[in-house]
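See below for the structure under consideration.
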Amino acid sequence: MATLAGGFEDPSDEVLTEAAAVFGLLASSARLHIMWALSQGESDVTHLADRVGGALPAVSQHLAKLKLAGLVRSRREGRRQIYYVDDPDIVTVVRVMVGQLTARTGSAAAHGSASRSS
């Protein structure tokens, strides 16, 4: 592995492949919305479907993929399956990414409205 000037080593091909697969899963806006919602707190599939505006079967399929990839976990609560993100680092990545893009979009919109009023 090559060492960068900052002292960090390049990750292995295996780690890069796994990271690309995770980012590939999050490249779906529906799955990213689900991850965003779950980063705010746990939920069952019905409430997630209502929140993200998706059909129940589609949200269930997205959750299955996220669960298979290890990004989401679940537990039983009576007859309901409760989904949550168990990895605080994944929560951080989703929150930072979406937060930065939201701020950038808000900044661009504010800049655009300021230039239109000039």
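Every chain in the structure tokens takes a letter, A first, then B, and so on in the order presented; its residues are numbered from 1, and the ligands are numbered from 1 following the presented order.
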
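Looking only at chain A, the set that DSSP places in strand (DSSP E) from backbone geometry is Ser43, Asp44, Arg73, Ser74, Arg75, Arg76, Glu77, Arg80, Gln81, Ile82, Tyr83 and Tyr84 of chain A.
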
Output N, CA, C and O atoms for every residue in the selection just made, as a CSV table (one decimal), in the first residue's frame.
chain,number,residue,atom,x,y,z
A,43,SER,N,-37.6,3.1,12.8
A,43,SER,CA,-39.0,3.2,12.3
A,43,SER,C,-39.4,1.8,11.7
A,43,SER,O,-38.5,1.0,11.4
A,44,ASP,N,-40.7,1.6,11.6
A,44,ASP,CA,-41.1,0.5,10.9
A,44,ASP,C,-41.4,0.8,9.4
A,44,ASP,O,-41.3,2.0,9.0
A,73,ARG,N,-30.2,-2.5,10.3
A,73,ARG,CA,-30.5,-3.7,11.1
A,73,ARG,C,-32.0,-3.6,11.4
A,73,ARG,O,-32.6,-2.6,11.3
A,74,SER,N,-32.5,-4.7,12.0
A,74,SER,CA,-33.9,-4.7,12.4
A,74,SER,C,-34.1,-5.6,13.7
A,74,SER,O,-33.3,-6.4,14.0
A,75,ARG,N,-35.2,-5.3,14.3
A,75,ARG,CA,-35.6,-6.1,15.5
A,75,ARG,C,-37.1,-6.2,15.5
A,75,ARG,O,-37.8,-5.4,14.9
A,76,ARG,N,-37.6,-7.2,16.1
A,76,ARG,CA,-39.0,-7.5,16.2
A,76,ARG,C,-39.6,-6.7,17.4
A,76,ARG,O,-39.0,-6.8,18.5
A,77,GLU,N,-40.7,-6.1,17.2
A,77,GLU,CA,-41.4,-5.5,18.3
A,77,GLU,C,-42.9,-5.9,18.1
A,77,GLU,O,-43.6,-5.3,17.3
A,80,ARG,N,-44.5,-6.1,14.5
A,80,ARG,CA,-43.8,-5.1,13.6
A,80,ARG,C,-42.3,-5.4,13.6
A,80,ARG,O,-41.7,-5.8,14.5
A,81,GLN,N,-41.7,-5.1,12.4
A,81,GLN,CA,-40.2,-5.1,12.3
A,81,GLN,C,-39.7,-3.7,12.4
A,81,GLN,O,-40.2,-2.8,11.6
A,82,ILE,N,-38.9,-3.4,13.3
A,82,ILE,CA,-38.3,-2.0,13.5
A,82,ILE,C,-37.0,-2.0,12.9
A,82,ILE,O,-36.1,-2.8,13.2
A,83,TYR,N,-36.7,-1.0,12.0
A,83,TYR,CA,-35.5,-0.8,11.3
A,83,TYR,C,-34.7,0.3,11.9
A,83,TYR,O,-35.3,1.3,12.3
A,84,TYR,N,-33.4,0.2,11.9
A,84,TYR,CA,-32.5,1.2,12.4
A,84,TYR,C,-31.1,1.1,11.8
A,84,TYR,O,-30.7,0.1,11.3

task = Find the residues near Val93 in chain A: any atom within 12 Å, counting only C-alpha atoms, skip ones fewer than 4 places away on the same chain, and give them as a ChimeraX atom specification.
result = /A:22-23,26,32,35-36,39,71,85,87-89,97-100

message = According to DSSP computed on the backbone, where in chain A is there alpha helix (DSSP H)? Give the residues as number ranges by chain.
response = A: 13-26, 29-40, 45-52, 56-68, 88-117

inquiry  = Please report the interatomic distance between CA of Leu66 in chain A and CA of Ile34 in chain A in Å with one decimal.
reply    =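 We find that CA of Leu66 in chain A and CA of Ile34 in chain A lie 9.4 Å from each other.
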
message = Could you check the closest approach to Leu25 in chain A for each of A:Val72, A:Ala49, A:Leu38, A:Ala55 and tell me which residue wins, using only C-alpha atoms?
response =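 Result for the nearest residue to Leu25 in chain A: A:Val72.
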
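You will find CA of Arg95 in chain A at 9.0 Å from CA of Gln40 in chain A.
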